[in-house]
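Asks: Here you go, final39.cif (mmCIF, C-alpha atoms and all ligand atoms):
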data_upload
loop_
_atom_site.label_atom_id
_atom_site.label_comp_id
_atom_site.auth_asym_id
_atom_site.auth_seq_id
_atom_site.Cartn_x
_atom_site.Cartn_y
_atom_site.Cartn_z
CA MET Q 8 0.99 14.70 -21.99
CA PHE Q 9 2.09 13.19 -18.68
CA PRO Q 10 4.79 10.49 -19.14
CA THR Q 11 3.60 6.88 -18.92
CA VAL Q 12 6.15 5.04 -16.83
CA TRP Q 13 4.52 1.62 -16.97
CA ASP Q 14 4.48 -0.55 -20.06
CA THR Q 15 0.75 -0.99 -19.48
CA LYS Q 16 0.36 -3.73 -22.10
CA THR Q 17 2.85 -5.85 -20.16
CA GLN Q 18 3.14 -4.58 -16.59
CA GLN Q 19 0.65 -4.17 -13.77
CA PHE Q 20 -0.03 -0.49 -13.00
CA HIS Q 21 0.96 0.75 -9.54
CA ALA Q 22 0.98 4.22 -8.03
CA GLY Q 23 4.03 6.08 -6.71
CA GLN Q 24 5.58 6.91 -10.08
CA ASP Q 25 4.50 10.54 -10.62
CA TRP Q 26 6.71 12.27 -8.06
CA LYS Q 27 9.88 12.03 -10.15
CA HIS Q 28 8.27 13.82 -13.08
CA LEU Q 29 6.83 16.76 -11.19
CA ALA Q 30 9.03 19.85 -11.10
CA ASN Q 31 6.82 21.23 -8.31
CA PHE Q 32 6.62 17.95 -6.36
CA LYS Q 33 5.52 18.47 -2.73
CA GLU Q 34 4.13 15.25 -1.28
CA ASP Q 35 3.13 11.82 -2.56
CA PHE Q 36 -0.48 11.08 -1.63
CA SER Q 37 -0.63 8.20 -4.13
CA VAL Q 38 1.11 5.59 -1.96
CA THR Q 39 0.00 4.18 1.38
CA THR Q 40 3.34 4.73 3.12
CA ASN Q 41 3.57 5.88 6.74
CA ALA Q 42 2.80 9.60 7.09
CA LEU Q 43 5.74 9.95 9.50
CA GLY Q 44 8.23 9.33 6.69
CA THR Q 45 11.25 7.03 6.84
CA PRO Q 46 12.48 6.26 10.40
CA LYS Q 47 15.68 8.24 10.86
CA GLY Q 48 17.77 5.69 12.77
CA ALA Q 49 17.09 2.94 10.24
CA LEU Q 50 17.84 5.30 7.38
CA ALA Q 51 21.20 6.13 8.97
CA ALA Q 52 21.91 2.38 9.30
CA ALA Q 53 21.15 1.90 5.58
CA HIS Q 54 23.45 4.83 4.71
CA GLU Q 55 26.20 3.27 6.80
CA ALA Q 56 25.75 -0.09 5.06
CA LEU Q 57 26.38 1.60 1.72
CA ASN Q 58 30.03 1.81 2.79
CA HIS Q 59 30.11 -1.98 2.55
CA CYS Q 60 28.52 -2.26 -0.86
CA HIS Q 61 31.66 -3.87 -2.24
CA HIS Q 62 30.79 -6.97 -0.16
CA TYR Q 63 27.97 -9.45 -0.80
CA PRO Q 64 25.03 -9.31 1.60
CA PRO Q 65 24.72 -12.26 4.04
CA ALA Q 66 23.08 -15.28 2.39
CA ASP Q 67 21.20 -16.13 5.62
CA GLN Q 68 19.81 -12.55 5.86
CA GLU Q 69 21.16 -12.27 9.42
CA PRO Q 70 21.04 -10.54 11.82
CA ALA Q 71 18.04 -8.82 10.20
CA ARG Q 72 16.03 -12.04 10.01
CA THR Q 73 16.36 -12.69 13.75
CA SER Q 74 15.52 -9.05 14.51
CA LEU Q 75 12.37 -9.29 12.39
CA ALA Q 76 11.46 -12.59 14.09
CA ARG Q 77 11.78 -10.83 17.47
CA PHE Q 78 9.56 -8.04 16.17
CA LEU Q 79 6.91 -10.52 15.04
CA TRP Q 80 7.12 -12.71 18.18
CA PRO Q 81 8.31 -10.33 20.91
CA ALA Q 82 7.33 -12.63 23.77
CA THR Q 83 10.31 -14.90 22.99
CA PRO Q 84 12.96 -14.63 25.74
CA SER Q 85 16.06 -12.83 24.41
CA SER Q 86 18.19 -15.92 25.14
CA SER Q 87 16.26 -18.12 22.66
CA VAL Q 88 15.53 -17.97 18.94
CA PRO Q 89 11.92 -16.98 18.20
CA GLU Q 90 9.69 -19.96 17.44
CA GLY Q 91 8.85 -18.75 13.92
CA HIS Q 92 12.43 -17.94 12.90
CA ALA Q 93 12.87 -21.07 10.74
CA ARG Q 94 9.64 -20.25 8.92
CA LEU Q 95 10.58 -16.65 8.12
CA LEU Q 96 12.07 -15.48 4.84
CA ILE Q 97 12.84 -11.90 3.78
CA GLY Q 98 12.24 -10.71 0.23
CA ASN Q 99 13.08 -7.84 -2.06
CA GLY Q 100 9.73 -6.30 -1.25
CA ALA Q 101 6.63 -8.43 -0.69
CA SER Q 102 6.28 -8.47 -4.48
CA GLU Q 103 9.20 -10.86 -4.84
CA LEU Q 104 7.66 -13.28 -2.33
CA ILE Q 105 4.17 -13.11 -3.84
CA ASP Q 106 5.68 -14.11 -7.17
CA LEU Q 107 7.88 -16.80 -5.62
CA ILE Q 108 5.05 -18.50 -3.71
CA THR Q 109 2.74 -18.36 -6.71
CA ARG Q 110 5.37 -20.23 -8.72
CA THR Q 111 5.10 -23.13 -6.29
CA ALA Q 112 1.40 -23.61 -7.24
CA PRO Q 113 0.52 -25.97 -10.10
CA PRO Q 114 -0.37 -24.42 -13.49
CA GLY Q 115 -4.08 -24.41 -14.24
CA CYS Q 116 -4.97 -24.08 -10.55
CA ARG Q 117 -8.06 -22.13 -9.54
CA TRP Q 118 -7.14 -18.71 -8.09
CA ARG Q 119 -9.29 -16.27 -6.18
CA SER Q 120 -8.91 -13.07 -4.22
CA GLY Q 121 -10.55 -12.00 -1.00
CA PRO Q 122 -14.27 -11.16 -0.97
CA TRP Q 123 -13.60 -7.45 -1.39
CA ASP Q 124 -14.79 -5.11 -4.16
CA ALA Q 125 -11.16 -4.60 -5.31
CA GLN Q 126 -7.85 -5.99 -4.06
CA TYR Q 127 -4.13 -5.30 -4.52
CA LYS Q 128 -3.33 -6.71 -7.96
CA GLU Q 129 0.07 -8.40 -7.70
CA TYR Q 130 -1.49 -11.70 -6.57
CA GLU Q 131 -3.64 -11.84 -9.67
CA ARG Q 132 -0.76 -10.83 -11.96
CA ALA Q 133 1.43 -13.63 -10.63
CA ALA Q 134 -1.44 -16.15 -10.95
CA VAL Q 135 -2.16 -15.16 -14.54
CA ASN Q 136 1.53 -15.65 -15.34
CA ILE Q 137 1.43 -19.30 -14.29
CA GLY Q 138 -1.83 -19.93 -16.15
CA CYS Q 139 -4.32 -20.04 -13.28
CA GLU Q 140 -8.05 -20.02 -13.83
CA LEU Q 141 -9.41 -16.87 -12.16
CA LEU Q 142 -12.50 -17.33 -10.00
CA PRO Q 143 -14.69 -14.29 -9.20
CA PRO Q 144 -14.42 -12.83 -5.66
CA ASP Q 145 -17.89 -14.13 -4.77
CA SER Q 146 -17.20 -17.65 -6.04
CA THR Q 147 -18.30 -20.58 -3.90
CA THR Q 148 -15.86 -22.94 -5.66
CA PRO Q 149 -12.94 -23.80 -3.35
CA ALA Q 150 -9.70 -22.28 -4.66
CA ASP Q 151 -6.29 -23.93 -5.03
CA LEU Q 152 -4.53 -20.59 -4.75
CA LEU Q 153 -6.36 -18.30 -2.35
CA CYS Q 154 -5.07 -14.76 -1.81
CA LEU Q 155 -6.53 -12.47 0.81
CA VAL Q 156 -5.25 -8.96 1.48
CA ASN Q 157 -6.30 -8.07 5.05
CA PRO Q 158 -6.64 -5.16 5.66
CA CYS Q 159 -7.49 -4.82 2.02
CA ASN Q 160 -5.67 -2.30 -0.11
CA PRO Q 161 -7.40 -0.32 -1.60
CA THR Q 162 -10.87 -0.77 -0.05
CA GLY Q 163 -9.78 -0.65 3.59
CA ASP Q 164 -12.01 -3.62 4.52
CA TYR Q 165 -10.77 -5.71 7.43
CA MET Q 166 -11.57 -9.12 8.94
CA SER Q 167 -10.61 -10.03 12.50
CA LEU Q 168 -8.57 -13.17 13.15
CA ASP Q 169 -11.48 -15.53 13.83
CA ARG Q 170 -13.28 -14.41 10.67
CA VAL Q 171 -10.12 -14.83 8.57
CA GLN Q 172 -9.63 -18.34 9.89
CA ALA Q 173 -13.25 -19.27 9.12
CA TRP Q 174 -12.99 -17.68 5.67
CA ILE Q 175 -9.83 -19.62 4.78
CA SER Q 176 -11.30 -22.89 6.02
CA ALA Q 177 -14.42 -22.32 3.92
CA HIS Q 178 -12.78 -21.17 0.67
CA ALA Q 179 -9.53 -23.12 0.34
CA ALA Q 180 -9.56 -26.45 -1.47
CA ASP Q 181 -7.67 -29.32 0.14
CA ASN Q 182 -3.93 -29.04 -0.63
CA ALA Q 183 -4.38 -25.35 -1.54
CA THR Q 184 -1.78 -22.63 -1.26
CA VAL Q 185 -3.13 -19.70 0.77
CA MET Q 186 -1.50 -16.30 0.99
CA VAL Q 187 -2.77 -13.77 3.51
CA ASP Q 188 -1.25 -10.32 3.16
CA GLU Q 189 -1.11 -8.48 6.49
CA SER Q 190 1.05 -5.59 5.27
CA MET Q 191 -1.34 -2.94 6.57
CA GLN Q 192 -2.26 -4.72 9.79
CA PRO Q 193 0.44 -3.30 12.11
CA TRP Q 194 -1.43 0.03 11.91
CA LEU Q 195 -4.22 -1.58 13.95
CA GLY Q 196 -2.41 -0.59 17.13
CA ARG Q 197 -0.24 -1.88 19.93
CA ASP Q 198 -2.09 -5.23 20.02
CA PHE Q 199 -1.94 -5.90 16.30
CA ARG Q 200 -0.08 -9.19 16.76
CA ALA Q 201 -3.00 -10.70 18.66
CA ASP Q 202 -5.16 -10.27 15.54
CA SER Q 203 -2.48 -11.61 13.18
CA LEU Q 204 -2.18 -15.04 11.62
CA THR Q 205 1.47 -14.96 12.68
CA SER Q 206 0.15 -15.66 16.21
CA ALA Q 207 -1.97 -18.54 14.98
CA ALA Q 208 0.73 -21.15 14.41
CA ALA Q 209 -1.54 -23.93 15.70
CA PHE Q 210 -4.23 -23.01 13.15
CA ALA Q 211 -1.69 -23.10 10.28
CA ALA Q 212 -0.24 -26.40 11.50
CA ASP Q 213 -3.70 -27.93 11.77
CA LEU Q 214 -4.69 -26.77 8.25
CA TYR Q 215 -1.54 -28.36 6.91
CA ALA Q 216 -1.84 -31.61 8.88
CA ARG Q 217 -5.54 -32.24 8.22
CA ARG Q 218 -6.01 -30.80 4.74
CA GLY Q 219 -2.55 -30.25 3.24
CA ILE Q 220 -3.25 -26.49 3.03
CA ARG Q 221 -0.11 -24.32 3.10
CA LEU Q 222 -0.75 -20.93 4.70
CA TYR Q 223 1.77 -18.14 4.01
CA VAL Q 224 1.53 -14.82 5.85
CA ILE Q 225 2.99 -11.99 3.78
CA HIS Q 226 4.15 -8.56 4.91
CA SER Q 227 5.31 -5.70 2.78
CA TRP Q 228 7.42 -3.57 5.12
CA THR Q 229 7.83 -0.79 2.56
CA LYS Q 230 4.63 0.93 3.70
CA LEU Q 231 4.84 0.76 7.49
CA TRP Q 232 8.48 1.83 7.48
CA SER Q 233 8.24 4.07 4.41
CA CYS Q 234 11.06 2.47 2.42
CA THR Q 235 9.45 1.62 -0.93
CA GLY Q 236 12.68 2.38 -2.81
CA LEU Q 237 14.72 0.10 -0.56
CA ARG Q 238 12.41 -2.94 -1.03
CA LEU Q 239 11.59 -5.06 2.03
CA GLY Q 240 9.01 -7.78 2.58
CA SER Q 241 8.74 -11.05 4.45
CA VAL Q 242 6.77 -14.26 4.58
CA VAL Q 243 5.97 -16.55 7.48
CA CYS Q 244 5.71 -20.02 5.92
CA PRO Q 245 3.56 -22.88 7.21
CA THR Q 246 6.58 -25.11 7.88
CA ALA Q 247 10.37 -24.83 7.85
CA GLU Q 248 10.36 -27.18 4.82
CA ALA Q 249 8.03 -24.86 2.90
CA CYS Q 250 10.42 -22.03 3.70
CA GLN Q 251 13.33 -24.06 2.34
CA GLN Q 252 11.40 -24.72 -0.86
CA LEU Q 253 11.04 -20.94 -1.36
CA LYS Q 254 14.73 -20.43 -0.61
CA ARG Q 255 15.53 -22.92 -3.36
CA TYR Q 256 13.67 -20.72 -5.87
CA GLN Q 257 14.79 -17.36 -4.48
CA VAL Q 258 17.56 -15.54 -6.33
CA PRO Q 259 20.62 -15.36 -4.01
CA TRP Q 260 21.17 -11.98 -2.28
CA SER Q 261 17.83 -10.68 -3.54
CA VAL Q 262 17.68 -8.44 -0.44
CA ASN Q 263 20.58 -6.00 -0.54
CA GLY Q 264 22.87 -5.02 2.35
CA MET Q 265 21.31 -1.60 2.84
CA ALA Q 266 17.81 -3.05 3.15
CA LEU Q 267 18.98 -5.68 5.65
CA ALA Q 268 20.76 -3.07 7.77
CA PHE Q 269 17.64 -0.89 7.67
CA LEU Q 270 15.45 -3.80 8.78
CA ASP Q 271 17.79 -4.86 11.55
CA HIS Q 272 17.54 -1.37 13.02
CA VAL Q 273 13.90 -0.55 12.40
CA ALA Q 274 12.63 -3.80 13.94
CA ARG Q 275 13.70 -2.39 17.32
CA ASP Q 276 12.36 1.15 16.79
CA THR Q 277 9.36 1.01 19.13
CA ALA Q 278 9.16 4.81 19.43
CA TYR Q 279 8.43 5.13 15.71
CA LEU Q 280 5.60 2.62 15.97
CA GLU Q 281 4.12 4.31 19.04
CA GLU Q 282 4.15 7.60 17.15
CA THR Q 283 2.57 5.90 14.11
CA TRP Q 284 -0.33 4.65 16.21
CA ARG Q 285 -0.66 8.01 17.91
CA VAL Q 286 -0.90 10.17 14.80
CA THR Q 287 -2.29 8.06 11.94
CA ALA Q 288 -5.88 7.66 13.15
CA GLU Q 289 -5.98 11.34 14.18
CA TRP Q 290 -4.63 12.57 10.84
CA ARG Q 291 -6.90 10.20 8.94
CA ALA Q 292 -9.97 11.51 10.80
CA SER Q 293 -8.86 15.05 9.98
CA LEU Q 294 -8.36 14.13 6.29
CA VAL Q 295 -11.85 12.64 6.15
CA ASP Q 296 -13.29 15.83 7.70
CA ARG Q 297 -11.49 17.97 5.14
CA LEU Q 298 -12.77 15.80 2.29
CA GLU Q 299 -16.33 16.00 3.61
CA GLN Q 300 -16.10 19.79 3.90
CA LEU Q 301 -14.75 19.98 0.35
CA ASN Q 302 -17.62 17.84 -0.88
CA GLN Q 303 -20.11 20.15 0.79
CA ARG Q 304 -18.45 23.23 -0.75
CA MET Q 305 -18.59 21.63 -4.19
CA GLY Q 306 -22.27 20.95 -3.65
CA GLY Q 307 -22.40 17.62 -5.45
CA ALA Q 308 -23.73 14.21 -4.47
CA GLU Q 309 -22.45 12.77 -1.22
CA TRP Q 310 -19.08 11.02 -1.41
CA GLN Q 311 -18.52 7.62 0.15
CA VAL Q 312 -15.48 7.17 2.36
CA TRP Q 313 -14.22 3.58 2.61
CA GLY Q 314 -11.80 1.94 5.02
CA ARG Q 315 -11.13 1.38 8.69
CA ALA Q 316 -10.20 4.36 10.84
CA PHE Q 317 -6.72 3.04 11.75
CA LEU Q 318 -5.46 2.81 8.16
CA SER Q 319 -2.92 4.94 6.33
CA TRP Q 320 -5.17 5.91 3.44
CA VAL Q 321 -8.75 6.74 2.40
CA TRP Q 322 -10.54 5.03 -0.49
CA LEU Q 323 -13.07 7.56 -1.69
CA ASP Q 324 -15.94 7.15 -4.11
CA VAL Q 325 -16.77 10.60 -5.50
CA GLY Q 326 -19.60 9.15 -7.57
CA SER Q 327 -18.39 10.55 -10.91
CA GLU Q 328 -15.67 9.45 -13.30
CA ALA Q 329 -15.16 12.98 -14.60
CA LEU Q 330 -14.77 14.40 -11.11
CA ALA Q 331 -12.38 11.63 -10.03
CA ASP Q 332 -10.24 12.26 -13.14
CA ALA Q 333 -10.31 16.03 -12.54
CA MET Q 334 -9.19 15.50 -8.94
CA VAL Q 335 -6.33 13.23 -10.05
CA ASP Q 336 -5.18 15.81 -12.63
CA ALA Q 337 -5.45 18.78 -10.26
CA ALA Q 338 -3.60 16.95 -7.50
CA ARG Q 339 -0.79 16.05 -9.88
CA ALA Q 340 -0.60 19.61 -11.23
CA ALA Q 341 -0.20 20.89 -7.66
CA GLY Q 342 2.69 18.49 -6.97
CA THR Q 343 0.59 16.30 -4.65
CA PRO Q 344 -0.27 13.18 -6.72
CA ILE Q 345 -3.02 10.79 -5.60
CA ARG Q 346 -3.96 7.30 -6.84
CA SER Q 347 -6.75 7.07 -9.38
CA GLY Q 348 -9.07 4.08 -8.92
CA ARG Q 349 -9.21 3.63 -12.70
CA PRO Q 350 -6.00 1.83 -13.75
CA GLY Q 351 -5.72 -1.71 -12.39
CA TYR Q 352 -8.63 -1.55 -9.94
CA GLU Q 353 -11.10 -0.42 -12.59
CA ARG Q 354 -13.03 1.72 -10.17
CA PRO Q 355 -13.05 4.98 -12.14
CA THR Q 356 -15.23 6.91 -9.67
CA PHE Q 357 -12.77 6.20 -6.84
CA ILE Q 358 -9.58 7.88 -5.72
CA ARG Q 359 -7.11 6.77 -3.03
CA VAL Q 360 -5.58 9.42 -0.84
CA ALA Q 361 -2.78 8.69 1.64
CA VAL Q 362 -2.96 9.98 5.20
CA ARG Q 363 -0.49 12.83 5.60
CA ALA Q 364 0.20 15.63 8.08
CA PRO Q 365 -2.53 18.30 8.10
CA ASP Q 366 -0.27 21.00 6.59
CA GLN Q 367 0.44 18.71 3.62
CA VAL Q 368 -3.27 18.00 3.29
CA ASP Q 369 -3.83 21.78 3.08
CA VAL Q 370 -1.87 21.82 -0.19
CA LEU Q 371 -3.92 18.99 -1.64
CA ILE Q 372 -7.25 20.48 -0.61
CA GLN Q 373 -6.15 23.82 -2.07
CA ALA Q 374 -5.39 22.02 -5.36
CA TRP Q 375 -9.06 21.04 -5.49
CA SER Q 376 -10.47 24.39 -4.52
CA GLY Q 377 -11.06 25.38 -8.15
CA LEU Q 378 -13.13 22.27 -8.88
CA SER Q 379 -16.88 22.27 -8.68
CA ALA Q 380 -19.73 19.87 -9.14
CA HIS Q 381 -19.55 20.74 -12.90
CA ALA Q 382 -17.28 17.83 -13.47
CA GLN Q 383 -19.71 15.67 -11.52
CA LEU Q 384 -22.65 16.77 -13.62
CA SER Q 385 -20.88 16.31 -16.93
CA SER Q 386 -20.15 12.61 -16.39
C1 LIG Y 1 -1.20 -4.99 0.34
C2 LIG Y 1 0.11 -4.91 -0.35
N1 LIG Y 1 0.89 -6.00 -0.40
C3 LIG Y 1 2.09 -5.99 -1.01
C4 LIG Y 1 2.56 -4.85 -1.62
C5 LIG Y 1 3.91 -4.90 -2.31
O1 LIG Y 1 4.79 -4.16 -1.64
P1 LIG Y 1 6.38 -4.20 -1.79
O2 LIG Y 1 6.74 -5.09 -2.91
O3 LIG Y 1 6.75 -2.78 -2.00
O4 LIG Y 1 6.87 -4.72 -0.48
C6 LIG Y 1 1.80 -3.69 -1.58
C7 LIG Y 1 2.25 -2.44 -2.22
O5 LIG Y 1 1.52 -1.50 -2.39
C8 LIG Y 1 0.55 -3.72 -0.94
O6 LIG Y 1 -0.23 -2.64 -0.86
#
Take the structure from the file and write it as structure tokens.
Replies:
Amino acid sequence: MFPTVWDTKTQQFHAGQDWKHLANFKEDFSVTTNALGTPKGALAAAHEALNHCHHYPPADQEPARTSLARFLWPATPSSSVPEGHARLLIGNGASELIDLITRTAPPGCRWRSGPWDAQYKEYERAAVNIGCELLPPDSTTPADLLCLVNPCNPTGDYMSLDRVQAWISAHAADNATVMVDESMQPWLGRDFRADSLTSAAAFAADLYARRGIRLYVIHSWTKLWSCTGLRLGSVVCPTAEACQQLKRYQVPWSVNGMALAFLDHVARDTAYLEETWRVTAEWRASLVDRLEQLNQRMGGAEWQVWGRAFLSWVWLDVGSEALADAMVDAARAAGTPIRSGRPGYERPTFIRVAVRAPDQVDVLIQAWSGLSAHAQLSS
């Protein structure tokens, strides 16, 4: 029996836990981290910071916070502080910030996700913990706590900036708290900032002034910069005061010295980002081809590939629970775990496969070579 790492009665299931238990581990396809692996310069900076682990990390998160602000708003002249700096807070992963912001919402508030078929679950978990009423994703009732993951993990759906703005305006109640998670958006390409709510300060200010709506833009940096174990996330708050309110709740030094050193370095690593944009879409297209060929060889019903072409994963409906389970088991047995759509997302015919280099994909595809449409037919 494979070890269960999560206390599933109490904790929200997430992927990325199998690798440590696989003697033949080769590659983790279960998490949506960057296929390029951890940026080397930033990793060296984190290693170096370990030498200072007998000191407390800086309480103002500097200079990493300014470096991240320059990354988010690069047009700022180097002699001045970026406009959004006072509204930016770094967290111990985005998960810390999602929880923190949710705690600022009143108990009993009406919560809803984006309009997608499934959405990253931490927002819901945090809302349940404070006693929110959960509205369905197609609800027309305005929500007091509105949480949109865009691009959506796991479905890969994406709304452009003007659609997001219209969607928020239509679905947020007056005085609502709105979180928009743009963790996967930097993969869009060189111009990703133009499609980001971080560039729409006037929209956020207007929402707040006219309707009292507080818009928080969340980033998990653990995927783009492949540092899930280090823990790094950030939030751009609607106002400097809202940021101070979060700071009041945040545990001091929640972001450790190694993570801050990593961030300070990686925020200037433009070569890594250029390479990310160059290879991800190409490797994803190749992964999709390989999956389609595999499907044809197996001779079953056609699979449905979900998600935008720029993203770091594929959300795949294989149309059969038994086949999806068999693929999850075979991938794990080969040392190349994938994410089942069953736990948490409750989409048991789906699997999520991370984009990886073609030679790593070879190993995964080989793991499935012994499967046939039998499993499909028996479900
Ligand atoms: C969309 C999204 N947001 C936030 C997170 C949380 O990330 P972390 O706490 O590792 O920064 C994840 C992790 O998978 C995610 O996919």
Asks: How would you write, as a VMD selection string, the set of residues no farther than 9 Å from ligand LIG 1 (chain Y) when counting only C-alpha atoms and all ligand atoms?
Replies: chain Q and resid 21 to 22 38 to 40 98 to 105 126 to 130 156 to 161 188 to 191 225 to 230 234 to 241
Asks: Just how far from CA of Ala268 in chain Q is CA of Tyr223 in chain Q, in Å to one decimal?
Replies: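 Going from CA of Tyr223 in chain Q over to CA of Ala268 in chain Q covers 24.5 Å.
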Asks: Closest to Trp313 in chain Q among Q:Ala125, Q:Ala207, Q:Ala201, Q:Ala49, using all atoms listed in the file?
Replies: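 Result for the nearest residue to Trp313 in chain Q: Q:Ala125.
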Asks: Report as CSV: every residue of range 308-355 of chain Q with an atom at most 8 Å from range 281-287 of chain Q, its closest pair of atoms, and their distance in Å to one decimal, counting only C-alpha atoms, with rows sorted by chain and ascending residue number.
Replies:
residue,atom,partner,partner_atom,distance
Q:Phe317,CA,Q:Thr287,CA,6.7
Q:Leu318,CA,Q:Thr287,CA,7.2
Q:Ser319,CA,Q:Thr287,CA,6.5
Asks: Just the number, please: distance in Å from CA of Asp124 in chain Q to CA of Ile372 in chain Q, one decimal.
Replies: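 One can read the CA of Asp124 in chain Q to CA of Ile372 in chain Q distance as 26.9 Å.
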Asks: To one decimal place in Å, what is the distance between CA of Gly351 in chain Q and CA of Cys116 in chain Q?
Replies: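 Those two atoms sit 22.5 Å apart.
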Asks: Pull the closest atom pair for each residue of range 255-310 of chain Q that gets at most 12 Å from range 60-64 of chain Q, along with the distance in Å to one decimal, counting only C-alpha atoms, ordering rows by chain and then ascending residue number, as JSON lines.
Replies:
{"residue": "Q:Pro259", "atom": "CA", "partner": "Q:Pro64", "partner_atom": "CA", "distance": 9.4}
{"residue": "Q:Trp260", "atom": "CA", "partner": "Q:Pro64", "partner_atom": "CA", "distance": 6.1}
{"residue": "Q:Ser261", "atom": "CA", "partner": "Q:Pro64", "partner_atom": "CA", "distance": 9.0}
{"residue": "Q:Val262", "atom": "CA", "partner": "Q:Pro64", "partner_atom": "CA", "distance": 7.7}
{"residue": "Q:Asn263", "atom": "CA", "partner": "Q:Pro64", "partner_atom": "CA", "distance": 5.9}
{"residue": "Q:Gly264", "atom": "CA", "partner": "Q:Pro64", "partner_atom": "CA", "distance": 4.9}
{"residue": "Q:Met265", "atom": "CA", "partner": "Q:Cys60", "partner_atom": "CA", "distance": 8.1}
{"residue": "Q:Ala266", "atom": "CA", "partner": "Q:Pro64", "partner_atom": "CA", "distance": 9.7}
{"residue": "Q:Leu267", "atom": "CA", "partner": "Q:Pro64", "partner_atom": "CA", "distance": 8.1}
{"residue": "Q:Ala268", "atom": "CA", "partner": "Q:Pro64", "partner_atom": "CA", "distance": 9.8}
